[in-house]
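Peer 1: So here's query38.pdb, just PDB, C-alpha atoms, pLDDT in the B column:
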```pdb
ATOM      1  CA  MET A   1       0.000   0.000   0.000  1.00 48.00           C
ATOM      2  CA  ASN A   2       1.517   3.326  -0.939  1.00 51.00           C
ATOM      3  CA  ALA A   3       1.723   6.282   1.453  1.00 47.00           C
ATOM      4  CA  PRO A   4      -1.256   8.348   0.130  1.00 47.00           C
ATOM      5  CA  TRP A   5      -3.581   5.355   0.514  1.00 47.00           C
ATOM      6  CA  LEU A   6      -2.270   4.661   4.007  1.00 43.00           C
ATOM      7  CA  VAL A   7      -2.877   8.280   5.008  1.00 45.00           C
ATOM      8  CA  LEU A   8      -6.414   8.110   3.630  1.00 41.00           C
ATOM      9  CA  VAL A   9      -7.168   4.839   5.428  1.00 44.00           C
ATOM     10  CA  LEU A  10      -5.791   6.173   8.725  1.00 43.00           C
ATOM     11  CA  ALA A  11      -7.802   9.366   8.361  1.00 41.00           C
ATOM     12  CA  LEU A  12     -10.978   7.388   7.736  1.00 38.00           C
ATOM     13  CA  LEU A  13     -10.318   5.082  10.680  1.00 39.00           C
ATOM     14  CA  GLY A  14      -9.477   7.806  13.150  1.00 41.00           C
ATOM     15  CA  GLY A  15      -5.860   8.736  12.463  1.00 42.00           C
ATOM     16  CA  PRO A  16      -2.759   7.145  13.987  1.00 45.00           C
ATOM     17  CA  HIS A  17      -4.712   6.191  17.113  1.00 46.00           C
ATOM     18  CA  ALA A  18      -6.586   3.641  14.991  1.00 46.00           C
ATOM     19  CA  LEU A  19      -3.371   1.579  15.056  1.00 64.00           C
ATOM     20  CA  HIS A  20      -3.858   1.021  18.775  1.00 64.00           C
ATOM     21  CA  THR A  21      -5.986  -1.994  19.481  1.00 61.00           C
ATOM     22  CA  GLY A  22      -4.963  -2.670  23.059  1.00 61.00           C
ATOM     23  CA  PRO A  23      -4.010  -6.008  24.564  1.00 63.00           C
ATOM     24  CA  ARG A  24      -4.933  -9.213  22.744  1.00 62.00           C
ATOM     25  CA  ASP A  25      -7.189 -10.141  25.662  1.00 65.00           C
ATOM     26  CA  PRO A  26      -9.682  -7.259  26.012  1.00 66.00           C
ATOM     27  CA  ASN A  27     -10.849  -8.652  29.367  1.00 69.00           C
ATOM     28  CA  ILE A  28      -7.576  -7.854  31.126  1.00 73.00           C
ATOM     29  CA  ASP A  29      -8.183  -6.341  34.533  1.00 73.00           C
ATOM     30  CA  GLU A  30      -5.796  -3.412  34.834  1.00 75.00           C
ATOM     31  CA  ASN A  31      -6.086  -3.339  38.619  1.00 75.00           C
ATOM     32  CA  MET A  32      -5.046  -6.957  38.929  1.00 79.00           C
ATOM     33  CA  GLN A  33      -2.546  -7.260  36.107  1.00 86.00           C
ATOM     34  CA  VAL A  34      -0.972  -3.847  35.612  1.00 92.00           C
ATOM     35  CA  ASN A  35      -0.634  -2.733  39.241  1.00 93.00           C
ATOM     36  CA  GLY A  36       2.697  -3.350  40.874  1.00 95.00           C
ATOM     37  CA  ASP A  37       6.426  -3.099  40.471  1.00 96.00           C
ATOM     38  CA  TRP A  38       7.933  -2.773  36.986  1.00 96.00           C
ATOM     39  CA  PHE A  39      11.316  -2.085  35.402  1.00 94.00           C
ATOM     40  CA  SER A  40      11.859   0.035  32.301  1.00 94.00           C
ATOM     41  CA  THR A  41      13.774  -2.262  29.960  1.00 95.00           C
ATOM     42  CA  ALA A  42      13.530  -0.629  26.513  1.00 95.00           C
ATOM     43  CA  GLN A  43      12.352   2.566  24.881  1.00 94.00           C
ATOM     44  CA  ALA A  44      11.846   3.618  21.280  1.00 95.00           C
ATOM     45  CA  SER A  45      10.758   6.754  19.466  1.00 94.00           C
ATOM     46  CA  ASP A  46      10.210   8.132  16.006  1.00 93.00           C
ATOM     47  CA  GLU A  47      12.261  11.123  17.217  1.00 90.00           C
ATOM     48  CA  PRO A  48      15.827   9.947  18.119  1.00 86.00           C
ATOM     49  CA  LYS A  49      16.642  12.956  20.314  1.00 84.00           C
ATOM     50  CA  LEU A  50      13.922  11.816  22.727  1.00 82.00           C
ATOM     51  CA  LEU A  51      16.119   8.834  23.555  1.00 82.00           C
ATOM     52  CA  TRP A  52      18.968  10.956  24.919  1.00 77.00           C
ATOM     53  CA  LYS A  53      19.671  10.386  28.598  1.00 73.00           C
ATOM     54  CA  ASP A  54      18.497  13.841  29.711  1.00 72.00           C
ATOM     55  CA  SER A  55      15.457  14.004  27.423  1.00 74.00           C
ATOM     56  CA  HIS A  56      12.210  15.163  29.023  1.00 72.00           C
ATOM     57  CA  VAL A  57      10.639  11.773  28.186  1.00 74.00           C
ATOM     58  CA  MET A  58      13.466   9.548  29.412  1.00 79.00           C
ATOM     59  CA  PHE A  59      11.807   8.034  32.475  1.00 83.00           C
ATOM     60  CA  PHE A  60      12.468   4.856  34.378  1.00 89.00           C
ATOM     61  CA  VAL A  61       9.210   3.383  35.661  1.00 92.00           C
ATOM     62  CA  ARG A  62       9.367   1.715  39.057  1.00 93.00           C
ATOM     63  CA  LYS A  63       5.718   1.115  39.945  1.00 96.00           C
ATOM     64  CA  ILE A  64       2.230   1.476  38.458  1.00 96.00           C
ATOM     65  CA  HIS A  65      -0.929   2.004  40.460  1.00 95.00           C
ATOM     66  CA  VAL A  66      -4.310   1.812  38.732  1.00 93.00           C
ATOM     67  CA  THR A  67      -7.469   3.355  40.221  1.00 92.00           C
ATOM     68  CA  LEU A  68     -11.006   3.639  38.874  1.00 90.00           C
ATOM     69  CA  LYS A  69     -10.219   6.884  37.009  1.00 94.00           C
ATOM     70  CA  THR A  70      -6.443   7.079  36.722  1.00 95.00           C
ATOM     71  CA  ILE A  71      -3.217   5.227  36.166  1.00 95.00           C
ATOM     72  CA  GLU A  72      -0.360   6.444  38.325  1.00 96.00           C
ATOM     73  CA  PHE A  73       3.242   6.034  37.231  1.00 95.00           C
ATOM     74  CA  HIS A  74       5.939   6.115  39.925  1.00 95.00           C
ATOM     75  CA  LEU A  75       9.170   6.788  38.099  1.00 92.00           C
ATOM     76  CA  TYR A  76      12.610   8.326  38.116  1.00 90.00           C
ATOM     77  CA  ARG A  77      14.092  10.897  35.799  1.00 86.00           C
ATOM     78  CA  ARG A  78      17.584  12.274  35.542  1.00 82.00           C
ATOM     79  CA  ILE A  79      17.579  16.037  36.003  1.00 82.00           C
ATOM     80  CA  GLN A  80      20.948  17.813  35.941  1.00 82.00           C
ATOM     81  CA  GLY A  81      22.702  14.557  36.809  1.00 79.00           C
ATOM     82  CA  MET A  82      20.428  13.817  39.776  1.00 83.00           C
ATOM     83  CA  CYS A  83      18.030  10.870  40.012  1.00 84.00           C
ATOM     84  CA  VAL A  84      14.653  12.450  40.866  1.00 90.00           C
ATOM     85  CA  PRO A  85      11.532  10.484  41.854  1.00 93.00           C
ATOM     86  CA  ILE A  86       8.358  11.666  40.099  1.00 92.00           C
ATOM     87  CA  ILE A  87       4.733  10.565  40.159  1.00 94.00           C
ATOM     88  CA  MET A  88       2.666  11.172  37.016  1.00 94.00           C
ATOM     89  CA  MET A  89      -1.049  10.578  36.939  1.00 96.00           C
ATOM     90  CA  ALA A  90      -2.850   9.922  33.655  1.00 96.00           C
ATOM     91  CA  ASN A  91      -6.636   9.993  33.380  1.00 97.00           C
ATOM     92  CA  LYS A  92      -8.541   7.085  31.897  1.00 95.00           C
ATOM     93  CA  THR A  93     -10.594   7.871  28.805  1.00 94.00           C
ATOM     94  CA  LYS A  94     -13.885   6.332  27.698  1.00 92.00           C
ATOM     95  CA  LYS A  95     -11.922   3.827  25.630  1.00 90.00           C
ATOM     96  CA  LYS A  96     -10.428   0.903  27.489  1.00 87.00           C
ATOM     97  CA  PHE A  97      -6.617   0.915  27.821  1.00 90.00           C
ATOM     98  CA  GLN A  98      -6.317   4.606  26.785  1.00 92.00           C
ATOM     99  CA  TYR A  99      -5.248   7.472  29.018  1.00 95.00           C
ATOM    100  CA  THR A 100      -4.502  11.176  28.740  1.00 95.00           C
ATOM    101  CA  LEU A 101      -1.671  13.016  30.432  1.00 93.00           C
ATOM    102  CA  LYS A 102      -0.709  16.679  30.421  1.00 91.00           C
ATOM    103  CA  TYR A 103       3.090  16.782  30.416  1.00 87.00           C
ATOM    104  CA  ALA A 104       5.218  18.572  27.851  1.00 84.00           C
ATOM    105  CA  GLY A 105       2.087  19.010  25.767  1.00 87.00           C
ATOM    106  CA  HIS A 106      -0.820  16.615  25.452  1.00 93.00           C
ATOM    107  CA  ASN A 107      -0.200  12.873  25.605  1.00 93.00           C
ATOM    108  CA  MET A 108      -2.382   9.953  24.623  1.00 95.00           C
ATOM    109  CA  ILE A 109      -1.120   6.791  26.302  1.00 95.00           C
ATOM    110  CA  PHE A 110      -2.139   3.389  24.967  1.00 94.00           C
ATOM    111  CA  LEU A 111      -1.636   0.133  26.848  1.00 94.00           C
ATOM    112  CA  GLU A 112      -0.833  -2.119  23.916  1.00 92.00           C
ATOM    113  CA  GLU A 113       0.407  -5.500  25.062  1.00 90.00           C
ATOM    114  CA  VAL A 114       0.289  -7.224  28.430  1.00 89.00           C
ATOM    115  CA  ASP A 115       1.668 -10.413  29.841  1.00 92.00           C
ATOM    116  CA  PRO A 116       1.049  -9.568  33.515  1.00 90.00           C
ATOM    117  CA  SER A 117       3.776 -11.781  34.896  1.00 93.00           C
ATOM    118  CA  ARG A 118       6.370 -10.652  32.346  1.00 95.00           C
ATOM    119  CA  PHE A 119       5.891  -7.374  30.439  1.00 96.00           C
ATOM    120  CA  LEU A 120       3.813  -4.367  29.332  1.00 95.00           C
ATOM    121  CA  ILE A 121       4.100  -2.203  26.230  1.00 96.00           C
ATOM    122  CA  PHE A 122       2.849   1.380  26.350  1.00 95.00           C
ATOM    123  CA  CYS A 123       2.707   3.623  23.286  1.00 95.00           C
ATOM    124  CA  ILE A 124       2.533   7.380  23.848  1.00 93.00           C
ATOM    125  CA  HIS A 125       1.539   9.959  21.247  1.00 94.00           C
ATOM    126  CA  ASN A 126       2.779  13.391  22.332  1.00 92.00           C
ATOM    127  CA  HIS A 127       1.423  16.584  20.782  1.00 92.00           C
ATOM    128  CA  TRP A 128       3.629  19.546  21.575  1.00 86.00           C
ATOM    129  CA  HIS A 129       4.236  22.775  19.660  1.00 87.00           C
ATOM    130  CA  GLY A 130       2.218  21.505  16.687  1.00 89.00           C
ATOM    131  CA  LYS A 131       4.260  18.327  16.295  1.00 90.00           C
ATOM    132  CA  GLU A 132       3.347  14.728  17.090  1.00 91.00           C
ATOM    133  CA  THR A 133       5.970  12.292  18.297  1.00 90.00           C
ATOM    134  CA  VAL A 134       5.655   8.682  19.374  1.00 93.00           C
ATOM    135  CA  VAL A 135       7.442   7.019  22.281  1.00 94.00           C
ATOM    136  CA  VAL A 136       7.083   3.315  23.047  1.00 95.00           C
ATOM    137  CA  ASN A 137       8.052   1.821  26.404  1.00 96.00           C
ATOM    138  CA  LEU A 138       8.705  -1.780  27.381  1.00 97.00           C
ATOM    139  CA  LEU A 139       8.291  -2.559  31.068  1.00 96.00           C
ATOM    140  CA  SER A 140       9.271  -5.863  32.604  1.00 96.00           C
ATOM    141  CA  ARG A 141       8.573  -7.494  35.964  1.00 95.00           C
ATOM    142  CA  THR A 142      12.308  -8.278  36.208  1.00 94.00           C
ATOM    143  CA  PRO A 143      15.306  -5.961  35.685  1.00 92.00           C
ATOM    144  CA  THR A 144      15.944  -7.521  32.264  1.00 92.00           C
ATOM    145  CA  ALA A 145      13.586  -8.783  29.582  1.00 93.00           C
ATOM    146  CA  SER A 146      13.923 -12.155  27.887  1.00 94.00           C
ATOM    147  CA  CYS A 147      14.936 -12.394  24.235  1.00 94.00           C
ATOM    148  CA  ASP A 148      11.373 -13.247  23.160  1.00 96.00           C
ATOM    149  CA  VAL A 149       9.963 -10.213  24.996  1.00 96.00           C
ATOM    150  CA  MET A 150      12.581  -7.958  23.394  1.00 96.00           C
ATOM    151  CA  GLN A 151      11.641  -9.413  19.990  1.00 96.00           C
ATOM    152  CA  THR A 152       7.953  -8.727  20.693  1.00 96.00           C
ATOM    153  CA  PHE A 153       8.921  -5.121  21.467  1.00 97.00           C
ATOM    154  CA  ARG A 154      11.002  -4.784  18.297  1.00 96.00           C
ATOM    155  CA  ASN A 155       8.140  -6.233  16.229  1.00 95.00           C
ATOM    156  CA  TYR A 156       5.673  -3.827  17.818  1.00 94.00           C
ATOM    157  CA  CYS A 157       7.953  -0.860  17.058  1.00 95.00           C
ATOM    158  CA  LYS A 158       8.475  -1.999  13.476  1.00 93.00           C
ATOM    159  CA  SER A 159       4.716  -2.379  12.937  1.00 89.00           C
ATOM    160  CA  HIS A 160       4.324   1.243  14.085  1.00 87.00           C
ATOM    161  CA  GLY A 161       7.004   2.625  11.800  1.00 89.00           C
ATOM    162  CA  ILE A 162       9.814   3.018  14.332  1.00 93.00           C
ATOM    163  CA  SER A 163      13.255   2.130  13.003  1.00 93.00           C
ATOM    164  CA  PRO A 164      15.316  -0.485  14.889  1.00 93.00           C
ATOM    165  CA  ALA A 165      18.001   2.217  15.139  1.00 94.00           C
ATOM    166  CA  ASN A 166      15.588   4.170  17.361  1.00 94.00           C
ATOM    167  CA  ILE A 167      15.241   1.435  19.982  1.00 95.00           C
ATOM    168  CA  ILE A 168      17.403   1.515  23.086  1.00 93.00           C
ATOM    169  CA  ASN A 169      17.957  -1.173  25.668  1.00 92.00           C
ATOM    170  CA  LEU A 170      17.619   0.532  29.050  1.00 89.00           C
ATOM    171  CA  THR A 171      19.109  -2.372  30.967  1.00 84.00           C
ATOM    172  CA  GLN A 172      22.504  -1.080  29.934  1.00 74.00           C
ATOM    173  CA  THR A 173      21.994   2.438  31.297  1.00 62.00           C
ATOM    174  CA  ASP A 174      22.486   4.024  34.697  1.00 54.00           C
ATOM    175  CA  HIS A 175      21.515   1.375  37.257  1.00 47.00           C
ATOM    176  CA  ARG A 176      20.761   4.003  39.923  1.00 42.00           C
ATOM    177  CA  LEU A 177      17.719   4.992  37.881  1.00 45.00           C
ATOM    178  CA  ARG A 178      16.567   1.392  37.563  1.00 43.00           C
ATOM    179  CA  ALA A 179      16.954   0.335  41.184  1.00 43.00           C
TER     180      ALA A 179
END
```
Rewrite the coordinates I just gave you, this time as structure tokens.
Peer 2:
Amino acid sequence: MNAPWLVLVLALLGGPHALHTGPRDPNIDENMQVNGDWFSTAQASDEPKLLWKDSHVMFFVRKIHVTLKTIEFHLYRRIQGMCVPIIMMANKTKKKFQYTLKYAGHNMIFLEEVDPSRFLIFCIHNHWHGKETVVVNLLSRTPTASCDVMQTFRNYCKSHGISPANIINLTQTDHRLRA
């Protein structure tokens, strides 16, 4: 399919958000299966500069807490060389597995894939200063992700137009942020 047809199809289906179908099992209970401790293990973006260590979107998730109306991310971010704990709260939307967050513009967060004992994949569409960028995060229940989970992440990124060159393995970054 050539690019003009793809643009037309996406426009008719609801834009780039139409690519987000959520977890394979639509009956996943976020409270039971998403809540808890997580480790950021990989990140990808269609904008390479967002993968720099001091980027405003370079977060290391430590814990997720889901409520009836929100999803709360307990994370760390490097600010001027310091590891700073931050809590970000995203609001649930009317669509299951979709959230909104006001941070550095407007963000739509999509919970894409879930294996509650192993990994989560979140895809974030950020709208800031008239530009849309995409960031994809892989979270794991353990400090490292298995080869098959990393391949699932790479496949997800590829299917959403993110180059393999724009995927970073966070397990090989500053361990103080991951602890």
Peer 1: Would you write out, as a tab-separated table (two decimals) with C-alpha atoms, in the frame of the given file, every residue that the PyMOL selection byres ((chain A and resi 77) around 12) captures in this file?
Peer 2:
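Output saved as result.tsv:
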```tsv
chain	number	residue	atom	x	y	z
A	40	SER	CA	11.86	0.04	32.30
A	52	TRP	CA	18.97	10.96	24.92
A	53	LYS	CA	19.67	10.39	28.60
A	54	ASP	CA	18.50	13.84	29.71
A	55	SER	CA	15.46	14.00	27.42
A	56	HIS	CA	12.21	15.16	29.02
A	57	VAL	CA	10.64	11.77	28.19
A	58	MET	CA	13.47	9.55	29.41
A	59	PHE	CA	11.81	8.03	32.48
A	60	PHE	CA	12.47	4.86	34.38
A	61	VAL	CA	9.21	3.38	35.66
A	62	ARG	CA	9.37	1.72	39.06
A	73	PHE	CA	3.24	6.03	37.23
A	74	HIS	CA	5.94	6.12	39.92
A	75	LEU	CA	9.17	6.79	38.10
A	76	TYR	CA	12.61	8.33	38.12
A	78	ARG	CA	17.58	12.27	35.54
A	79	ILE	CA	17.58	16.04	36.00
A	80	GLN	CA	20.95	17.81	35.94
A	81	GLY	CA	22.70	14.56	36.81
A	82	MET	CA	20.43	13.82	39.78
A	83	CYS	CA	18.03	10.87	40.01
A	84	VAL	CA	14.65	12.45	40.87
A	85	PRO	CA	11.53	10.48	41.85
A	86	ILE	CA	8.36	11.67	40.10
A	87	ILE	CA	4.73	10.56	40.16
A	88	MET	CA	2.67	11.17	37.02
A	174	ASP	CA	22.49	4.02	34.70
A	176	ARG	CA	20.76	4.00	39.92
A	177	LEU	CA	17.72	4.99	37.88
A	178	ARG	CA	16.57	1.39	37.56
```
Peer 1: Applying 6 Å and only C-alpha atoms, which residues near stretch 141-143 of chain A remain after dropping the ones on its own chain fewer than 4 positions away? List them as an NGL selection string.
Peer 2: :A and (38-39 or 118)
Peer 1: Would you translate the PyMOL selection byres ((chain A and resi 169) around 12) into the concrete set of residues it matches in this file, as number ranges by chain?
Peer 2: A: 39-44, 51, 60, 137-139, 143-147, 150-151, 153-154, 164-168, 170-174
Peer 1: Atoms to include: C-alpha atoms. Write the selected residues as a compact mmCIF listing (two decimals), in the frame of the given file.
Peer 2:
```
# COMPACT_ATOMS: atom_id res chain seq x y z
CA PHE A 39 11.32 -2.08 35.40
CA SER A 40 11.86 0.04 32.30
CA THR A 41 13.77 -2.26 29.96
CA ALA A 42 13.53 -0.63 26.51
CA GLN A 43 12.35 2.57 24.88
CA ALA A 44 11.85 3.62 21.28
CA LEU A 51 16.12 8.83 23.56
CA PHE A 60 12.47 4.86 34.38
CA ASN A 137 8.05 1.82 26.40
CA LEU A 138 8.70 -1.78 27.38
CA LEU A 139 8.29 -2.56 31.07
CA PRO A 143 15.31 -5.96 35.68
CA THR A 144 15.94 -7.52 32.26
CA ALA A 145 13.59 -8.78 29.58
CA SER A 146 13.92 -12.16 27.89
CA CYS A 147 14.94 -12.39 24.24
CA MET A 150 12.58 -7.96 23.39
CA GLN A 151 11.64 -9.41 19.99
CA PHE A 153 8.92 -5.12 21.47
CA ARG A 154 11.00 -4.78 18.30
CA PRO A 164 15.32 -0.48 14.89
CA ALA A 165 18.00 2.22 15.14
CA ASN A 166 15.59 4.17 17.36
CA ILE A 167 15.24 1.44 19.98
CA ILE A 168 17.40 1.52 23.09
CA LEU A 170 17.62 0.53 29.05
CA THR A 171 19.11 -2.37 30.97
CA GLN A 172 22.50 -1.08 29.93
CA THR A 173 21.99 2.44 31.30
CA ASP A 174 22.49 4.02 34.70
```
Peer 1: Need to verify the contact set: A:Gly130, 12 Å, all atoms listed in the file, exclusion of same-chain residues closer than 3 positions in sequence. Can you return it as number ranges by chain?
Peer 2: A: 104-106, 126-127, 133
Peer 1: Can you write just those residues out, C-alpha atoms, as an mmCIF file, in the coordinates of the input?
Peer 2:
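Saved the output as again_28.cif:
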```cif
data_model
loop_
_atom_site.group_PDB
_atom_site.id
_atom_site.type_symbol
_atom_site.label_atom_id
_atom_site.label_comp_id
_atom_site.auth_asym_id
_atom_site.auth_seq_id
_atom_site.Cartn_x
_atom_site.Cartn_y
_atom_site.Cartn_z
ATOM 1 C CA ALA A 104 5.218 18.572 27.851
ATOM 2 C CA GLY A 105 2.087 19.010 25.767
ATOM 3 C CA HIS A 106 -0.820 16.615 25.452
ATOM 4 C CA ASN A 126 2.779 13.391 22.332
ATOM 5 C CA HIS A 127 1.423 16.584 20.782
ATOM 6 C CA THR A 133 5.970 12.292 18.297
#
```
Peer 1: Pick the closest to A:Ser163 from A:Asp46, A:Asp29, A:Asp148, A:Glu132: which is it, counting all atoms listed in the file?
Peer 2: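 So, comparing all the options, the nearest one is A:Asp46.
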Peer 1: Any idea what the distance is between atom CA of A:Ser117 and atom CA of A:Lys94?
Peer 2: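 Value for the atom CA of A:Ser117-atom CA of A:Lys94 distance: 26.3 Å.
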Peer 1: Using only C-alpha atoms for the distances, tell me which of A:Val34, A:Ile124, A:Ala90, A:Leu101 is nearest to A:Ile64.
Peer 2: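 Nearest candidate to A:Ile64 out of A:Val34, A:Ile124, A:Ala90, A:Leu101: A:Val34.
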Peer 1: I'd like the interatomic distance between atom CA of A:Gly36 and atom CA of A:Lys63, to a tenth of an Å.
Peer 2: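 It comes out at 5.5 Å.
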Peer 1: Please, what distance in Å, to one decimal, runs between atom CA of A:Val136 and atom CA of A:Ser45?
Peer 2: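 Interatomic distance here is 6.2 Å.
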Peer 1: Of the candidates A:Leu50, A:Lys92, A:Leu68, A:Val149, which shows the shortest atom-to-atom distance to A:Ile121, using all atoms listed in the file?
Peer 2: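 Going through A:Leu50, A:Lys92, A:Leu68, A:Val149 one by one, the smallest distance to A:Ile121 is for A:Val149.
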Peer 1: With all atoms listed in the file as the basis for distance, which of A:Met32, A:Phe119, A:Val66, A:Lys131 is at the shortest distance from A:Thr152?
Peer 2: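 For A:Thr152, the nearest of the candidates is A:Phe119.
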Peer 1: What are the centre and the three edge lengths of an axis-aligned box that wraps all atoms of stretch 73-88 of chain A in the file, given that 4 Å is added to every side, written as JSON and rounded to one decimal in Å?
Peer 2:
```
{"center_x": 12.7, "center_y": 11.9, "center_z": 38.7, "size_x": 28.0, "size_y": 19.8, "size_z": 14.3}
```
